[in-house]
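Chemist: Have a look at the structure that comes next, please.
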Amino acid sequence: MSQKQLIEFYGRECSHCRNMAPLVARVEREAGVKFERYEVWHDEASARKMEEYDRGYCGGVPFYYNTATKKWVCGETDYEAFKAFATEE
């Protein structure tokens, strides 16, 4: 089993990313997980990193990736679905 890494790609001015921020914080707090965050609109290296994981799945932000399951979430979602995504091994 590989080490799970949860990754969040976001844009500083992205309204959908701001809408997700409290939900991400809640999942981190309640599920005991941590997301590694990359701002992609103003950081070219982060944008390239997102392309490695995105592979055309989403094409925008927010984009979340679970390295253990190879699953992703594109855009806004609800708490239960996001928690299930973040805690799945």
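In the structure tokens, each chain is lettered A, B, ... as it comes, each chain's residues begin at 1, and ligands are numbered from 1 in order of appearance.
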Got a sec: who's within 7 Å of segment 6-11 of chain A, counting only C-alpha atoms, leaving out chain neighbours fewer than 5 positions off, as a count of residues only?
Modeler: 18
Chemist: Per DSSP on the backbone, filter chain A down to the residues in alpha helix (DSSP H) and report them as an MDAnalysis selection string.
Modeler: chainID A and resid 15:31 44:54 79:87
Chemist: To one decimal place in Å, what is the distance between atom CA of Thr87 of chain A and atom CA of Asp43 of chain A?
Modeler: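 Going from atom CA of Thr87 of chain A over to atom CA of Asp43 of chain A covers 28.0 Å.
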Chemist: As a list of chain:residue names, which residues of chain A does DSSP assign to strand (DSSP E or B)?
Modeler: A:Leu6, A:Ile7, A:Glu8, A:Phe9, A:Tyr10, A:Phe35, A:Glu36, A:Arg37, A:Tyr38, A:Glu39, A:Phe63, A:Tyr64, A:Tyr65, A:Asn66, A:Lys71, A:Trp72, A:Val73, A:Cys74
Chemist: Keeping N, CA and C atoms, export the residues of the selection given above as a PDB file, in the first residue's frame.
Modeler:
```
ATOM      1  N   LEU A   6      -2.706  13.743  -0.112  1.00  0.00           N
ATOM      2  CA  LEU A   6      -3.856  14.501  -0.590  1.00  0.00           C
ATOM      3  C   LEU A   6      -3.351  15.846  -1.086  1.00  0.00           C
ATOM      4  N   ILE A   7      -3.741  16.194  -2.292  1.00  0.00           N
ATOM      5  CA  ILE A   7      -3.229  17.402  -2.922  1.00  0.00           C
ATOM      6  C   ILE A   7      -4.392  18.296  -3.323  1.00  0.00           C
ATOM      7  N   GLU A   8      -4.238  19.585  -3.060  1.00  0.00           N
ATOM      8  CA  GLU A   8      -5.220  20.590  -3.478  1.00  0.00           C
ATOM      9  C   GLU A   8      -4.541  21.568  -4.422  1.00  0.00           C
ATOM     10  N   PHE A   9      -5.129  21.753  -5.597  1.00  0.00           N
ATOM     11  CA  PHE A   9      -4.681  22.766  -6.539  1.00  0.00           C
ATOM     12  C   PHE A   9      -5.762  23.840  -6.566  1.00  0.00           C
ATOM     13  N   TYR A  10      -5.349  25.091  -6.414  1.00  0.00           N
ATOM     14  CA  TYR A  10      -6.319  26.183  -6.319  1.00  0.00           C
ATOM     15  C   TYR A  10      -5.777  27.435  -6.994  1.00  0.00           C
ATOM     16  N   PHE A  35      -4.037  18.280   3.513  1.00  0.00           N
ATOM     17  CA  PHE A  35      -3.847  18.503   2.087  1.00  0.00           C
ATOM     18  C   PHE A  35      -2.582  19.320   1.854  1.00  0.00           C
ATOM     19  N   GLU A  36      -1.821  18.917   0.860  1.00  0.00           N
ATOM     20  CA  GLU A  36      -0.686  19.702   0.390  1.00  0.00           C
ATOM     21  C   GLU A  36      -1.265  20.649  -0.655  1.00  0.00           C
ATOM     22  N   ARG A  37      -1.020  21.951  -0.515  1.00  0.00           N
ATOM     23  CA  ARG A  37      -1.680  22.942  -1.365  1.00  0.00           C
ATOM     24  C   ARG A  37      -0.718  23.573  -2.373  1.00  0.00           C
ATOM     25  N   TYR A  38      -1.243  23.761  -3.588  1.00  0.00           N
ATOM     26  CA  TYR A  38      -0.475  24.401  -4.649  1.00  0.00           C
ATOM     27  C   TYR A  38      -1.344  25.455  -5.327  1.00  0.00           C
ATOM     28  N   GLU A  39      -0.872  26.697  -5.349  1.00  0.00           N
ATOM     29  CA  GLU A  39      -1.553  27.784  -6.036  1.00  0.00           C
ATOM     30  C   GLU A  39      -1.071  27.759  -7.487  1.00  0.00           C
ATOM     31  N   PHE A  63      -9.040  21.589  -7.787  1.00  0.00           N
ATOM     32  CA  PHE A  63      -8.807  20.213  -8.205  1.00  0.00           C
ATOM     33  C   PHE A  63      -8.101  19.513  -7.057  1.00  0.00           C
ATOM     34  N   TYR A  64      -8.658  18.394  -6.613  1.00  0.00           N
ATOM     35  CA  TYR A  64      -8.118  17.637  -5.478  1.00  0.00           C
ATOM     36  C   TYR A  64      -7.754  16.245  -5.969  1.00  0.00           C
ATOM     37  N   TYR A  65      -6.608  15.727  -5.471  1.00  0.00           N
ATOM     38  CA  TYR A  65      -6.136  14.419  -5.923  1.00  0.00           C
ATOM     39  C   TYR A  65      -5.676  13.599  -4.727  1.00  0.00           C
ATOM     40  N   ASN A  66      -6.066  12.313  -4.720  1.00  0.00           N
ATOM     41  CA  ASN A  66      -5.663  11.369  -3.684  1.00  0.00           C
ATOM     42  C   ASN A  66      -4.686  10.391  -4.340  1.00  0.00           C
ATOM     43  N   LYS A  71      -7.862   8.785  -7.275  1.00  0.00           N
ATOM     44  CA  LYS A  71      -9.152   9.440  -7.525  1.00  0.00           C
ATOM     45  C   LYS A  71      -8.995  10.942  -7.357  1.00  0.00           C
ATOM     46  N   TRP A  72      -9.935  11.672  -7.949  1.00  0.00           N
ATOM     47  CA  TRP A  72      -9.874  13.119  -7.918  1.00  0.00           C
ATOM     48  C   TRP A  72     -11.260  13.717  -7.755  1.00  0.00           C
ATOM     49  N   VAL A  73     -11.275  14.971  -7.308  1.00  0.00           N
ATOM     50  CA  VAL A  73     -12.497  15.769  -7.223  1.00  0.00           C
ATOM     51  C   VAL A  73     -12.221  17.048  -7.996  1.00  0.00           C
ATOM     52  N   CYS A  74     -13.128  17.390  -8.887  1.00  0.00           N
ATOM     53  CA  CYS A  74     -13.011  18.601  -9.693  1.00  0.00           C
ATOM     54  C   CYS A  74     -14.132  19.554  -9.303  1.00  0.00           C
TER      55      CYS A  74
END
```
